[in-house]
Structures are given as structure tokens and as C-alpha cells.
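Participant: Provided below: coords.txt, containing compact mmCIF, C-alpha atoms and all ligand atoms.
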# COMPACT_ATOMS: atom_id res chain seq x y z
CA MET H 1 0.00 0.00 0.00
CA LEU H 2 1.16 3.52 -0.77
CA THR H 3 -0.06 6.87 0.51
CA ARG H 4 -1.91 9.03 -1.97
CA GLU H 5 1.16 11.26 -2.27
CA GLU H 6 3.47 8.30 -2.95
CA ASN H 7 1.09 6.94 -5.56
CA GLU H 8 1.01 10.31 -7.30
CA ARG H 9 4.80 10.51 -7.23
CA LEU H 10 5.15 6.99 -8.63
CA THR H 11 2.67 7.36 -11.46
CA ARG H 12 2.79 10.94 -12.83
CA ILE H 13 5.33 11.27 -15.61
CA GLY H 14 4.50 14.53 -17.41
CA PRO H 15 7.01 17.38 -17.81
CA GLY H 16 8.08 18.80 -14.45
CA THR H 17 6.86 15.89 -12.31
CA PRO H 18 9.44 14.11 -10.11
CA MET H 19 9.03 10.75 -11.90
CA GLY H 20 8.81 12.50 -15.26
CA GLU H 21 12.26 13.90 -14.52
CA VAL H 22 13.58 10.38 -13.78
CA PHE H 23 12.31 9.09 -17.13
CA ARG H 24 13.91 12.10 -18.83
CA ARG H 25 17.38 10.95 -17.74
CA TYR H 26 17.25 7.78 -19.86
CA TRP H 27 17.14 6.74 -23.49
CA ILE H 28 13.72 5.14 -24.04
CA PRO H 29 12.01 3.47 -27.02
CA ALA H 30 9.75 6.00 -28.75
CA LEU H 31 8.41 4.10 -31.77
CA LEU H 32 9.21 1.26 -34.16
CA SER H 33 11.42 1.72 -37.21
CA GLU H 34 8.63 0.16 -39.30
CA GLU H 35 6.43 3.18 -38.55
CA LEU H 36 8.75 5.33 -40.66
CA PRO H 37 9.44 2.99 -43.58
CA ASP H 38 10.34 5.60 -46.22
CA ALA H 39 12.43 8.70 -46.58
CA ASP H 40 10.08 11.69 -47.05
CA GLY H 41 7.15 9.51 -45.94
CA ALA H 42 4.23 10.60 -43.77
CA PRO H 43 5.15 11.98 -40.34
CA VAL H 44 3.84 9.98 -37.37
CA ARG H 45 2.28 11.32 -34.19
CA VAL H 46 4.14 10.11 -31.09
CA ARG H 47 2.77 10.73 -27.61
CA LEU H 48 5.57 10.18 -25.11
CA LEU H 49 5.85 11.07 -21.40
CA GLY H 50 2.73 13.21 -21.79
CA GLU H 51 4.20 15.23 -24.68
CA ASP H 52 2.76 15.41 -28.19
CA LEU H 53 5.56 14.85 -30.68
CA ILE H 54 5.97 14.12 -34.35
CA ALA H 55 8.48 11.69 -35.85
CA PHE H 56 9.58 11.77 -39.48
CA ARG H 57 12.27 10.36 -41.74
CA ASP H 58 13.89 12.99 -43.91
CA SER H 59 15.19 12.77 -47.48
CA GLU H 60 18.50 11.33 -46.25
CA GLY H 61 16.84 8.72 -44.02
CA LYS H 62 17.58 10.62 -40.80
CA VAL H 63 14.86 10.49 -38.15
CA GLY H 64 13.61 13.65 -36.44
CA LEU H 65 11.47 13.87 -33.32
CA LEU H 66 9.92 17.31 -32.88
CA ALA H 67 7.15 18.89 -30.84
CA GLU H 68 3.96 18.37 -32.83
CA ALA H 69 2.87 22.02 -32.69
CA CYS H 70 4.56 24.29 -35.21
CA PRO H 71 6.39 26.99 -33.20
CA HIS H 72 4.90 29.65 -35.46
CA ARG H 73 1.15 29.36 -34.73
CA GLY H 74 0.77 25.86 -33.30
CA THR H 75 -0.58 23.92 -36.28
CA SER H 76 0.16 20.20 -36.22
CA LEU H 77 3.27 19.19 -38.08
CA ALA H 78 1.58 15.81 -38.62
CA LEU H 79 0.03 17.52 -41.63
CA ALA H 80 3.33 18.95 -42.87
CA LEU H 81 4.96 18.28 -46.22
CA ASN H 82 8.00 16.03 -45.73
CA ALA H 83 10.45 16.85 -48.51
CA ASP H 84 13.97 18.15 -49.18
CA CYS H 85 15.29 17.36 -45.69
CA GLY H 86 12.59 18.94 -43.59
CA LEU H 87 8.96 19.28 -42.56
CA ARG H 88 7.10 22.22 -44.10
CA CYS H 89 4.02 23.32 -42.13
CA ILE H 90 0.97 23.51 -44.38
CA PHE H 91 -0.27 26.72 -42.69
CA HIS H 92 2.49 29.20 -43.72
CA GLY H 93 5.17 26.97 -45.18
CA TYR H 94 7.63 27.28 -42.30
CA LYS H 95 10.14 24.49 -42.60
CA PHE H 96 12.12 22.62 -39.91
CA ASP H 97 14.90 20.06 -40.20
CA VAL H 98 15.48 16.99 -37.96
CA ASN H 99 17.35 19.18 -35.45
CA GLY H 100 14.42 21.58 -35.13
CA THR H 101 16.24 24.35 -36.98
CA CYS H 102 13.92 26.63 -38.90
CA VAL H 103 15.27 26.72 -42.46
CA ASP H 104 12.55 28.69 -44.25
CA THR H 105 9.82 31.25 -43.42
CA PRO H 106 8.31 31.98 -46.86
CA THR H 107 5.60 34.38 -45.62
CA GLU H 108 8.14 36.72 -44.00
CA PRO H 109 9.59 39.61 -46.00
CA GLU H 110 12.73 39.19 -48.08
CA GLY H 111 15.84 39.42 -45.87
CA SER H 112 13.92 38.55 -42.66
CA ARG H 113 15.99 36.96 -39.91
CA PHE H 114 12.91 35.56 -38.17
CA ALA H 115 13.92 31.97 -38.99
CA GLN H 116 16.95 32.34 -36.74
CA LYS H 117 14.77 33.37 -33.81
CA ILE H 118 12.47 30.37 -33.74
CA ARG H 119 13.06 26.64 -33.61
CA ALA H 120 11.00 23.51 -33.09
CA ASP H 121 11.68 21.61 -29.87
CA ALA H 122 13.68 18.61 -31.09
CA TYR H 123 14.86 15.54 -29.20
CA PRO H 124 17.86 13.36 -30.04
CA VAL H 125 17.07 9.92 -31.43
CA ARG H 126 18.96 6.70 -32.14
CA GLU H 127 17.79 3.78 -34.23
CA ALA H 128 18.66 0.34 -32.90
CA ALA H 129 17.20 -3.15 -33.29
CA GLY H 130 14.01 -2.10 -35.07
CA MET H 131 13.23 0.66 -32.60
CA ILE H 132 13.71 4.42 -32.59
CA TRP H 133 14.94 5.53 -29.19
CA ALA H 134 14.70 9.04 -27.80
CA TYR H 135 16.17 11.10 -25.00
CA LEU H 136 13.81 13.76 -23.64
CA GLY H 137 16.02 15.21 -20.90
CA PRO H 138 18.43 18.11 -20.49
CA THR H 139 20.98 18.25 -23.32
CA ASP H 140 24.00 18.46 -21.02
CA LEU H 141 22.93 15.37 -19.03
CA ARG H 142 22.42 13.00 -21.96
CA PRO H 143 23.79 9.58 -20.98
CA ASN H 144 25.59 7.10 -23.18
CA PHE H 145 23.31 4.98 -25.33
CA PRO H 146 22.70 1.64 -23.56
CA GLU H 147 24.13 -1.10 -25.78
CA PHE H 148 21.84 -3.96 -24.76
CA GLU H 149 22.73 -7.55 -25.60
CA TRP H 150 20.31 -8.07 -28.47
CA PHE H 151 21.57 -5.01 -30.40
CA GLY H 152 24.57 -7.12 -31.39
CA LEU H 153 22.52 -10.02 -32.76
CA PRO H 154 21.61 -10.44 -36.43
CA ALA H 155 18.21 -9.05 -37.44
CA SER H 156 17.02 -12.61 -38.09
CA HIS H 157 17.50 -13.45 -34.39
CA GLN H 158 15.24 -10.76 -33.02
CA HIS H 159 11.86 -9.18 -33.38
CA ALA H 160 10.58 -5.92 -31.85
CA TYR H 161 6.95 -4.85 -31.72
CA LYS H 162 4.68 -2.75 -29.54
CA VAL H 163 1.20 -2.90 -28.09
CA PHE H 164 -0.94 -0.11 -26.68
CA GLU H 165 -1.76 -0.64 -23.00
CA GLU H 166 -4.64 1.31 -21.49
CA CYS H 167 -3.21 2.09 -18.07
CA ASN H 168 -0.40 3.81 -16.22
CA TYR H 169 3.09 2.39 -16.78
CA ALA H 170 3.64 1.47 -13.10
CA GLN H 171 0.98 -1.21 -12.90
CA ALA H 172 2.21 -2.60 -16.23
CA VAL H 173 5.73 -2.94 -14.76
CA GLU H 174 4.33 -4.40 -11.55
CA GLY H 175 2.57 -7.11 -13.53
CA ALA H 176 5.88 -8.14 -15.07
CA ILE H 177 7.81 -8.36 -11.80
CA ASP H 178 5.30 -10.58 -10.11
CA SER H 179 6.42 -14.14 -10.80
CA ALA H 180 3.68 -15.68 -8.67
CA HIS H 181 0.96 -14.71 -11.13
CA ALA H 182 2.46 -16.89 -13.87
CA GLY H 183 1.11 -20.15 -12.42
CA VAL H 184 -2.37 -18.70 -12.04
CA LEU H 185 -3.15 -16.18 -14.78
CA HIS H 186 -1.14 -18.02 -17.45
CA ARG H 187 -2.33 -21.53 -16.56
CA ARG H 188 -2.67 -23.55 -19.71
CA SER H 189 -5.59 -25.56 -18.43
CA THR H 190 -8.42 -25.39 -15.92
CA TRP H 191 -7.89 -24.61 -12.26
CA ASP H 192 -8.26 -28.25 -11.18
CA ALA H 193 -6.15 -29.83 -13.92
CA PRO H 194 -2.66 -31.15 -13.11
CA PRO H 195 0.14 -28.63 -13.69
CA SER H 196 1.50 -28.52 -17.23
CA GLN H 197 4.38 -26.09 -16.67
CA ALA H 198 7.02 -25.73 -13.94
CA PHE H 199 5.54 -22.53 -12.61
CA GLU H 200 2.16 -24.19 -12.14
CA GLU H 201 3.69 -26.81 -9.83
CA ASP H 202 4.53 -24.36 -7.06
CA LEU H 203 2.11 -21.48 -6.83
CA SER H 204 3.89 -19.65 -4.02
CA PRO H 205 7.48 -19.09 -5.16
CA LYS H 206 9.90 -17.58 -2.68
CA LEU H 207 11.01 -14.18 -3.97
CA GLU H 208 14.39 -12.63 -3.20
CA VAL H 209 15.43 -9.17 -4.39
CA GLU H 210 18.82 -7.53 -4.78
CA TYR H 211 19.49 -3.99 -5.89
CA THR H 212 21.94 -3.49 -8.75
CA GLN H 213 23.68 -0.71 -10.67
CA TYR H 214 20.91 -0.75 -13.26
CA GLY H 215 17.98 -1.11 -10.85
CA MET H 216 17.26 -4.51 -9.31
CA ARG H 217 16.84 -8.18 -10.02
CA TYR H 218 14.89 -10.82 -8.24
CA GLY H 219 14.84 -14.57 -8.09
CA ALA H 220 11.62 -16.57 -7.83
CA LEU H 221 12.46 -19.92 -6.27
CA ARG H 222 10.12 -22.86 -6.84
CA ASN H 223 10.00 -26.51 -5.91
CA VAL H 224 9.59 -28.52 -9.09
CA ASP H 225 9.65 -32.19 -10.18
CA ALA H 226 7.37 -33.16 -7.30
CA GLY H 227 9.61 -31.42 -4.79
CA GLN H 228 12.77 -33.16 -6.02
CA ALA H 229 14.39 -30.06 -7.49
CA SER H 230 14.52 -26.34 -7.07
CA GLN H 231 14.22 -23.89 -9.93
CA ALA H 232 14.92 -20.16 -9.93
CA ARG H 233 13.58 -17.73 -12.47
CA ILE H 234 15.63 -14.54 -12.31
CA THR H 235 14.19 -11.32 -13.67
CA ALA H 236 16.30 -8.21 -14.29
CA VAL H 237 14.47 -4.92 -13.78
CA VAL H 238 16.32 -2.16 -15.60
CA LEU H 239 15.33 1.41 -14.86
CA PRO H 240 13.34 3.23 -15.91
CA CYS H 241 10.92 0.65 -17.36
CA PHE H 242 12.58 -2.50 -18.75
CA THR H 243 11.99 -6.05 -17.53
CA PHE H 244 14.11 -8.97 -18.75
CA ILE H 245 11.87 -12.02 -18.47
CA PRO H 246 13.49 -15.41 -17.70
CA PRO H 247 13.88 -17.44 -20.90
CA PHE H 248 11.50 -20.10 -22.12
CA ILE H 249 12.42 -23.02 -24.25
CA THR H 250 9.97 -23.11 -27.14
CA GLY H 251 8.74 -26.25 -28.90
CA PRO H 252 11.63 -26.91 -31.30
CA LYS H 253 14.15 -26.14 -28.55
CA ILE H 254 14.97 -22.58 -29.40
CA GLU H 255 15.72 -20.54 -26.34
CA ARG H 256 13.52 -17.51 -26.62
CA ARG H 257 14.28 -14.42 -24.59
CA LEU H 258 11.84 -11.60 -23.93
CA VAL H 259 12.42 -8.02 -22.86
CA ASN H 260 9.57 -5.65 -22.08
CA ALA H 261 9.73 -1.88 -22.06
CA TYR H 262 6.73 -0.18 -20.49
CA VAL H 263 7.16 3.31 -21.87
CA PRO H 264 4.73 5.89 -20.50
CA ARG H 265 2.71 7.43 -23.31
CA ASP H 266 1.04 9.65 -20.76
CA ASP H 267 -0.24 9.15 -17.20
CA THR H 268 -2.99 6.77 -18.27
CA SER H 269 -1.56 4.86 -21.22
CA THR H 270 1.62 2.96 -22.00
CA TRP H 271 3.50 1.56 -24.97
CA ASN H 272 4.40 -2.01 -24.15
CA PHE H 273 7.38 -2.60 -26.42
CA GLN H 274 8.52 -6.20 -26.57
CA VAL H 275 11.72 -7.62 -27.97
CA LEU H 276 11.93 -11.34 -28.61
CA PHE H 277 15.39 -12.65 -29.31
CA SER H 278 17.46 -15.77 -29.41
CA ARG H 279 21.23 -15.95 -28.98
CA GLU H 280 21.62 -19.15 -30.95
CA ALA H 281 19.15 -19.26 -33.76
CA SER H 282 17.13 -17.23 -36.17
CA PHE H 283 13.40 -17.24 -35.78
CA ASP H 284 11.33 -18.75 -38.51
CA ASP H 285 7.92 -17.23 -39.05
CA ALA H 286 6.37 -19.44 -36.41
CA HIS H 287 8.75 -18.22 -33.73
CA ARG H 288 8.67 -14.68 -34.90
CA ARG H 289 4.92 -14.59 -34.70
CA VAL H 290 3.85 -13.42 -31.33
CA GLU H 291 2.22 -16.21 -29.36
CA GLY H 292 -1.39 -16.88 -30.27
CA GLY H 293 -4.12 -14.47 -29.40
CA LEU H 294 -2.35 -11.20 -30.03
CA GLN H 295 -4.21 -9.47 -32.81
CA LEU H 296 -3.60 -5.77 -33.33
CA ASP H 297 -5.15 -3.06 -35.45
CA ALA H 298 -3.15 -0.56 -37.50
CA ASP H 299 -2.64 1.61 -34.40
CA TYR H 300 -1.09 -1.28 -32.42
CA LYS H 301 -4.21 -1.63 -30.28
CA LYS H 302 -5.46 -5.04 -29.22
CA LEU H 303 -8.59 -6.40 -30.87
CA ARG H 304 -9.31 -8.18 -27.59
CA ASN H 305 -9.34 -5.27 -25.18
CA LEU H 306 -10.91 -3.57 -22.18
CA ALA H 307 -13.96 -2.46 -24.17
CA ASN H 308 -14.92 -6.02 -25.15
CA ASN H 309 -13.83 -7.65 -21.88
CA TYR H 310 -10.93 -9.27 -23.77
CA GLU H 311 -13.52 -11.59 -25.35
CA GLN H 312 -13.22 -13.71 -22.25
CA ASP H 313 -14.63 -17.18 -22.90
CA ARG H 314 -16.49 -18.42 -19.82
CA SER H 315 -16.99 -21.92 -21.16
CA ALA H 316 -13.25 -22.22 -21.82
CA MET H 317 -12.63 -21.31 -18.16
CA LYS H 318 -14.37 -24.55 -17.19
CA SER H 319 -12.89 -26.73 -19.89
CA SER H 320 -9.47 -25.59 -21.04
CA ASN H 321 -8.18 -22.13 -20.08
CA PHE H 322 -8.30 -20.84 -16.51
CA SER H 323 -8.43 -17.12 -17.41
CA GLY H 324 -10.71 -17.60 -20.41
CA ILE H 325 -8.55 -15.04 -22.22
CA THR H 326 -6.43 -16.04 -25.20
CA GLY H 327 -2.75 -15.08 -25.28
CA ILE H 328 -0.20 -14.31 -22.58
CA LEU H 329 0.20 -10.65 -23.44
CA VAL H 330 -3.55 -10.06 -23.56
CA GLN H 331 -3.89 -11.84 -20.20
CA ASP H 332 -1.20 -9.58 -18.73
CA HIS H 333 -2.80 -6.44 -20.12
CA ALA H 334 -6.24 -7.53 -18.88
CA VAL H 335 -5.14 -7.76 -15.25
CA SER H 336 -3.24 -4.45 -15.40
CA GLU H 337 -5.84 -2.45 -17.34
CA THR H 338 -8.72 -3.54 -15.12
CA GLN H 339 -6.86 -2.15 -12.09
CA GLY H 340 -7.99 1.24 -13.43
CA SER H 341 -6.24 3.81 -15.58
CA ILE H 342 -4.13 4.67 -12.54
CA CYS H 343 -4.29 1.97 -9.87
CA ASP H 344 -5.36 3.30 -6.46
CA ARG H 345 -2.60 1.84 -4.29
CA THR H 346 -4.08 3.27 -1.09
CA ARG H 347 -6.71 0.51 -1.17
CA GLU H 348 -4.67 -2.60 -1.92
CA HIS H 349 -3.47 -5.33 0.46
CA LEU H 350 -0.04 -6.68 -0.39
CA GLY H 351 1.06 -10.21 0.48
CA THR H 352 4.30 -12.17 0.55
CA SER H 353 4.20 -12.71 -3.22
CA ASP H 354 4.42 -8.95 -3.74
CA ILE H 355 7.96 -8.54 -2.37
CA ALA H 356 9.48 -7.58 -5.73
CA VAL H 357 6.70 -5.07 -6.38
CA ILE H 358 7.34 -3.46 -3.00
CA ALA H 359 11.09 -3.34 -3.62
CA TRP H 360 10.57 -1.77 -7.07
CA ARG H 361 8.29 0.94 -5.68
CA ARG H 362 10.88 1.77 -3.02
CA LEU H 363 13.56 2.00 -5.67
CA MET H 364 11.51 4.25 -7.95
CA LEU H 365 10.35 6.53 -5.12
CA ARG H 366 13.86 6.78 -3.67
CA THR H 367 15.31 7.49 -7.12
CA SER H 368 12.86 10.31 -7.85
CA LYS H 369 13.33 11.80 -4.39
CA GLN H 370 17.12 11.79 -4.65
CA LEU H 371 17.07 13.30 -8.12
CA ALA H 372 14.67 16.04 -7.02
CA GLU H 373 16.37 16.84 -3.72
CA THR H 374 20.07 16.28 -4.30
CA GLY H 375 20.40 15.94 -8.06
CA GLU H 376 21.78 12.40 -7.68
CA GLN H 377 21.57 10.67 -11.06
CA PRO H 378 19.24 7.64 -11.28
CA PRO H 379 20.67 4.08 -11.39
CA GLY H 380 22.47 3.28 -14.62
CA VAL H 381 22.85 6.91 -15.70
CA HIS H 382 26.39 8.26 -16.04
CA THR H 383 27.98 5.11 -14.70
CA GLU H 384 30.08 2.68 -16.69
CA ILE H 385 27.56 -0.13 -16.85
CA PRO H 386 28.11 -3.04 -19.24
CA PHE H 387 24.49 -3.01 -20.43
CA GLY H 388 25.26 -5.97 -22.69
CA ASP H 389 25.84 -8.15 -19.60
CA ILE H 390 22.35 -7.63 -18.18
CA CYS H 391 20.25 -10.72 -18.61
CA SER H 392 17.64 -12.90 -17.00
CA ALA H 393 17.94 -16.65 -16.37
CA THR H 394 16.02 -19.82 -15.64
CA ILE H 395 18.26 -22.15 -13.62
CA GLU H 396 18.28 -25.31 -11.56
CA VAL H 397 19.42 -24.69 -8.00
CA PRO H 398 21.15 -27.72 -6.41
CA PRO H 399 20.45 -28.57 -2.75
CA ASP H 400 22.27 -26.42 -0.15
CA THR H 401 22.95 -23.76 -2.78
CA THR H 402 21.46 -20.33 -3.39
CA TRP H 403 20.43 -19.03 -6.80
CA ARG H 404 22.91 -16.20 -6.35
CA GLU H 405 25.76 -18.73 -6.15
CA VAL H 406 24.60 -20.41 -9.35
CA GLU H 407 24.01 -17.12 -11.14
CA PRO H 408 26.26 -14.49 -9.52
CA LEU H 409 25.87 -10.90 -10.56
CA ALA H 410 28.70 -9.51 -12.70
CA PRO H 411 30.80 -7.30 -10.37
CA ALA H 412 30.27 -4.23 -12.54
CA LEU H 413 26.53 -4.63 -12.10
CA ALA H 414 26.58 -5.05 -8.32
CA ARG H 415 25.57 -2.15 -6.20
FE FE S 1 2.21 -12.51 -17.00
Represent the structure from my file as C-alpha cells, please.
Facilitator:
Amino acid sequence: MLTREENERLTRIGPGTPMGEVFRRYWIPALLSEELPDADGAPVRVRLLGEDLIAFRDSEGKVGLLAEACPHRGTSLALALNADCGLRCIFHGYKFDVNGTCVDTPTEPEGSRFAQKIRADAYPVREAAGMIWAYLGPTDLRPNFPEFEWFGLPASHQHAYKVFEECNYAQAVEGAIDSAHAGVLHRRSTWDAPPSQAFEEDLSPKLEVEYTQYGMRYGALRNVDAGQASQARITAVVLPCFTFIPPFITGPKIERRLVNAYVPRDDTSTWNFQVLFSREASFDDAHRRVEGGLQLDADYKKLRNLANNYEQDRSAMKSSNFSGITGILVQDHAVSETQGSICDRTREHLGTSDIAVIAWRRLMLRTSKQLAETGEQPPGVHTEIPFGDICSATIEVPPDTTWREVEPLAPALAR
């Protein structure tokens, strides 16, 4: 449970808010590369951290991310002409390049220097692994770009996509760092059926958290094989909004890794970016395809959604599928979205299975407080972190051993 003030601090991410300032110290995914397929193509509206922006790819293929409102009279640059290395507003023809520099003001008199006095707010971007990343913070505090592990893999070994989530980012993150829900919500059969996956065997995993340079990680320890063995699923939680989910082995024995980024669109909606990757093998179409049940419209919104109760199938709940909802991602979104657009954490009752959630809230609240009060940079910012070493794991833990001994943290990542 949080106080009303703590809940506000945790969840509000607009410009000038304490948590908004934390998010503005990191590089975050803003959109997918596929949304800007062509040079001089249509600009795309991007709502990010409560700001209305416009992304476009110029004649040379460079991506720009500008405030949507033209600095002249506020008309949307979503309508602008994209040509000759810039966006030209359709109202008066003012033109801006990817850096926000005003390069033409055709309705001003000959010899006018007005163009030098105005500029569009522009944010730096980087393109990596099918995503366009942005930094929305102070120019002089821009951190190094985080070179995550999958950036180095061939394109055939990875797949990035995004899904609109109709709630605040914090409850989306909290769903992902809550290992105990896996054996319930994601049950592959009815409630009474025998377990079909390791995490259905032990519904009350023991959770252990440790703070790290990049945020935190936690192990969920379960008894498996009828109590004969112990398994740990270790999740890395990378600030400000990444979760590295422990790997699954898919049917044809390809180890599939999943990273989530829950990027705040505004206070009440989130872009759930997902990256699927494999270190060893390329994905064929079957692996690349997101697991069954995820159907999206052209705006990356789920066809099974809050408005249609996720097309929950009540007869399936009694015969084959405990949640009655098809697809892991849709199941996850259903439980987060129905907590409300911003979950009221003054009314909840947390149990032992919520230890990682509690630790994450402490970390986020402490981080925003320290940044606001002392200017201390958030975890992972302006430190020499080997981002490529951050990973999750699913491991066997032998008797009389801890998961930390089996999977020790790289020294450079230890806090
Ligand atoms: Fe889940």
C-alpha cells in the first residue's frame, strides 16, 4: 500500500513531475522503425511522457522527433509536407529540419531573420534493433546509449513490436515483476487440472530481491519435479521501465528471450514494447509470430481489449483455459488495465508474493526523491555499466545452494 502522495509521485510522468524527470534521464524506445518505412514519408504522431511529438524520416533517411505544434502558430506538423530534408508546415510553409532548426519562413519579407529566432523543440534519437529511441532530458545530461545484448545479434535473431496498454506504466511494470501470477493467470488448463508447466507446480514461489547498478533483479524460487528439485527464475528490472523475463524453451528447442519496455505514453496509457530474441538461432515465421491471441489493429491496439472484456470465454474457463482469455500478453494487459487507468494503491493489500513489487516501488520513489532533492543521477545513468551483460535466467538450483551462487551478478553490475 502507498499513501496518496506516494502513488502520485510513482505514477505521474508529465514534464516537471518528479518521476517524469527520472524518465527524462534515460534513453527510451519512442516508436518502431517500421512506422517510418520511407524517406520523405508521412510523419507519425508520437505521444511520449505526456508530450505530443511528431516523428519523421527525412530525405537522407535521418529520423527527427519534434514537438507536434509548429512553433509559429501551433498547427500540427503531422500535416506537414515532408520533402527536401525537412517538414514544411501547411499553414504558412515554415520548414524545420530533424534538429528543429527553422530553415525557411516563406511568408516573412525578403531578408527577414525571423527563422533564426524560432526553432521547433527537437529531441535526439537513435535507431537500434528495429526501434527508434529518444532522450527527452536536459541536453547536457544526456547519458551514453545503452548497448543492450540483443543489439549485437543479427536481425534474423530478433523481433521488436509494440502494443498499446490502457493504463499507467507502473501497474504494467508491476505485472511483469510478479512471478507468482504466472502459475495462475497463465495456466494452460483449468484450475483443477494437473500442472503442465514448472511454474504451475509451485504457486507460491519464494522471492528474493537484490538492488543493482541498473535497478534490481529478483529470483523466484520454486519446488519442481514433485519437490525433487529447485528452480529459480531470475528477472532483471532495468530502470526506468525494462523487464528482462526469464527465458522459455519453445517447442523446437529454441531458447527464446523476452524483454519488455513499459514506456509511458502519458499518465494513463503505455506503450508495451517487446523484444523477442534468441542468442543461438534465427526465428522462422512461427517463432517470430507473437504467441497466439495477439491481434492488433493498424494503431497497435489489441482487438481483444478492455472495451470487449478481452472476449473472455467463460466456457473455456471450465474446460481448457483458466483465465478464459487467449494469449499471454492479452492476459497480462487484462489484469493491469482492469486495475484502473491509474491503480489506487491506497486501497490494496499486499502479500508475501508482492515482495518484488514493494522493492521496485521503493527503488523508484527513492530514485525520484534523490534526483529532485540532491540531483543524484538515477541508477544506470552516467555510470560505466556493461548493459550488454544484463540478462535474465532460468536455472536449476542444487540442494544447499542459493540461486545467487549459481548465477552471480557480474561485479560491474553489483551495487
Ligand atoms: Fe504474466
Participant: Please report as JSON lines every residue of chain H lying within 8 Å of ligand FE 1 (chain S), along with the nearest atom pair and their distance in Å (one decimal), using all atoms listed in the file.
Facilitator:
{"residue": "H:Gly175", "atom": "CA", "partner": "S:FE1", "partner_atom": "FE", "distance": 6.4}
{"residue": "H:Ala176", "atom": "CA", "partner": "S:FE1", "partner_atom": "FE", "distance": 6.0}
{"residue": "H:Asp178", "atom": "CA", "partner": "S:FE1", "partner_atom": "FE", "distance": 7.8}
{"residue": "H:Ser179", "atom": "CA", "partner": "S:FE1", "partner_atom": "FE", "distance": 7.7}
{"residue": "H:His181", "atom": "CA", "partner": "S:FE1", "partner_atom": "FE", "distance": 6.4}
{"residue": "H:Ala182", "atom": "CA", "partner": "S:FE1", "partner_atom": "FE", "distance": 5.4}
{"residue": "H:Leu185", "atom": "CA", "partner": "S:FE1", "partner_atom": "FE", "distance": 6.9}
{"residue": "H:His186", "atom": "CA", "partner": "S:FE1", "partner_atom": "FE", "distance": 6.5}
{"residue": "H:Ile328", "atom": "CA", "partner": "S:FE1", "partner_atom": "FE", "distance": 6.3}
{"residue": "H:Leu329", "atom": "CA", "partner": "S:FE1", "partner_atom": "FE", "distance": 7.0}
{"residue": "H:Gln331", "atom": "CA", "partner": "S:FE1", "partner_atom": "FE", "distance": 6.9}
{"residue": "H:Asp332", "atom": "CA", "partner": "S:FE1", "partner_atom": "FE", "distance": 4.8}
Participant: Find, counting all atoms listed in the file, the residue in H:Phe164, H:Phe242, H:Tyr211, H:Phe273 that gets nearest to Leu303 in chain H.
Facilitator: H:Phe164
Participant: Counting only C-alpha atoms, figure out which residue out of H:Asn260, H:Phe283, H:Ala334, H:Ala129 gets nearest to Ala307 in chain H.
Facilitator: H:Ala334
Participant: Looking at H:Leu32, H:Ile390, H:Leu53, H:Leu207, which one is nearest to Trp403 in chain H, with distances taken over all atoms listed in the file?
Facilitator: H:Leu207
Participant: Here is a test: counting all atoms listed in the file, which residue of H:Tyr262, H:Phe199, H:Tyr123, H:Phe277 is nearest to Ala180 in chain H?
Facilitator: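 Under the stated criterion, the closest residue is H:Phe199.
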Participant: Would you list the residues near (9.4, -18.2, 0.4) (no more than 12 Å away, in the coordinates of the file, using only C-alpha atoms) as a list in words?
Facilitator: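 The distance filter leaves exactly Ala180, Asp202, Leu203, Ser204, Pro205, Lys206, Leu207, Glu208, Val209, Gly219, Ala220, Leu221, Arg222, Asn223, Ala232, Gly351, Thr352, Ser353, Asp354 and Ile355 of chain H.
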Participant: Would you mind telling me which residue in H:Arg24, H:Arg45, H:His333, H:Arg361 lies nearest to Leu141 in chain H when using only C-alpha atoms?
Facilitator: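 Among the listed residues, the smallest separation from Leu141 in chain H belongs to H:Arg24.
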Participant: Would you kindly return, as a ChimeraX atom specification, each protein, DNA or RNA residue with an atom no farther than 10 Å from any atom of Ala316 in chain H, considering only C-alpha atoms and excluding same-chain residues fewer than 5 positions away?
Facilitator: /H:189-190,321-326
Participant: Tell me which protein, DNA and RNA residues are within 9 Å of Ala42 in chain H, counting all atoms listed in the file, leaving out same-chain ones fewer than 3 positions away, and put them as a list in words.
Facilitator: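 My list of contacting residues is Leu36, Asp38, Ala39, Phe56, Arg57, Ala78, Leu79, Ala80, Leu81 and Asn82 of chain H.
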Participant: When you draw a straight line from CA of Trp360 in chain H to CA of Gly215 in chain H, how long is it in Å?
Facilitator: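 Pair CA of Trp360 in chain H / CA of Gly215 in chain H returns 8.3 Å.
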Participant: Can you pull out the residues contacting Glu34 in chain H? Cut-off 10 Å, using only C-alpha atoms, and skip same-chain residues under 4 positions away; I want them as a list in words.
Facilitator: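 So, after excluding close chain neighbours, the residues are Asp38, Gly130, Met131, Ile132, Ala160 and Tyr161 of chain H.
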Participant: Determine the nearest neighbour of Ala281 in chain H from the options H:Leu153, H:Ala69, H:Leu363, H:Met317, counting all atoms listed in the file.
Facilitator: H:Leu153
Participant: Take CA of Phe91 in chain H and CA of Leu77 in chain H and report the distance between them in Å, one decimal.
Facilitator: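 Atom-to-atom, CA of Phe91 in chain H to CA of Leu77 in chain H, that is 9.5 Å.
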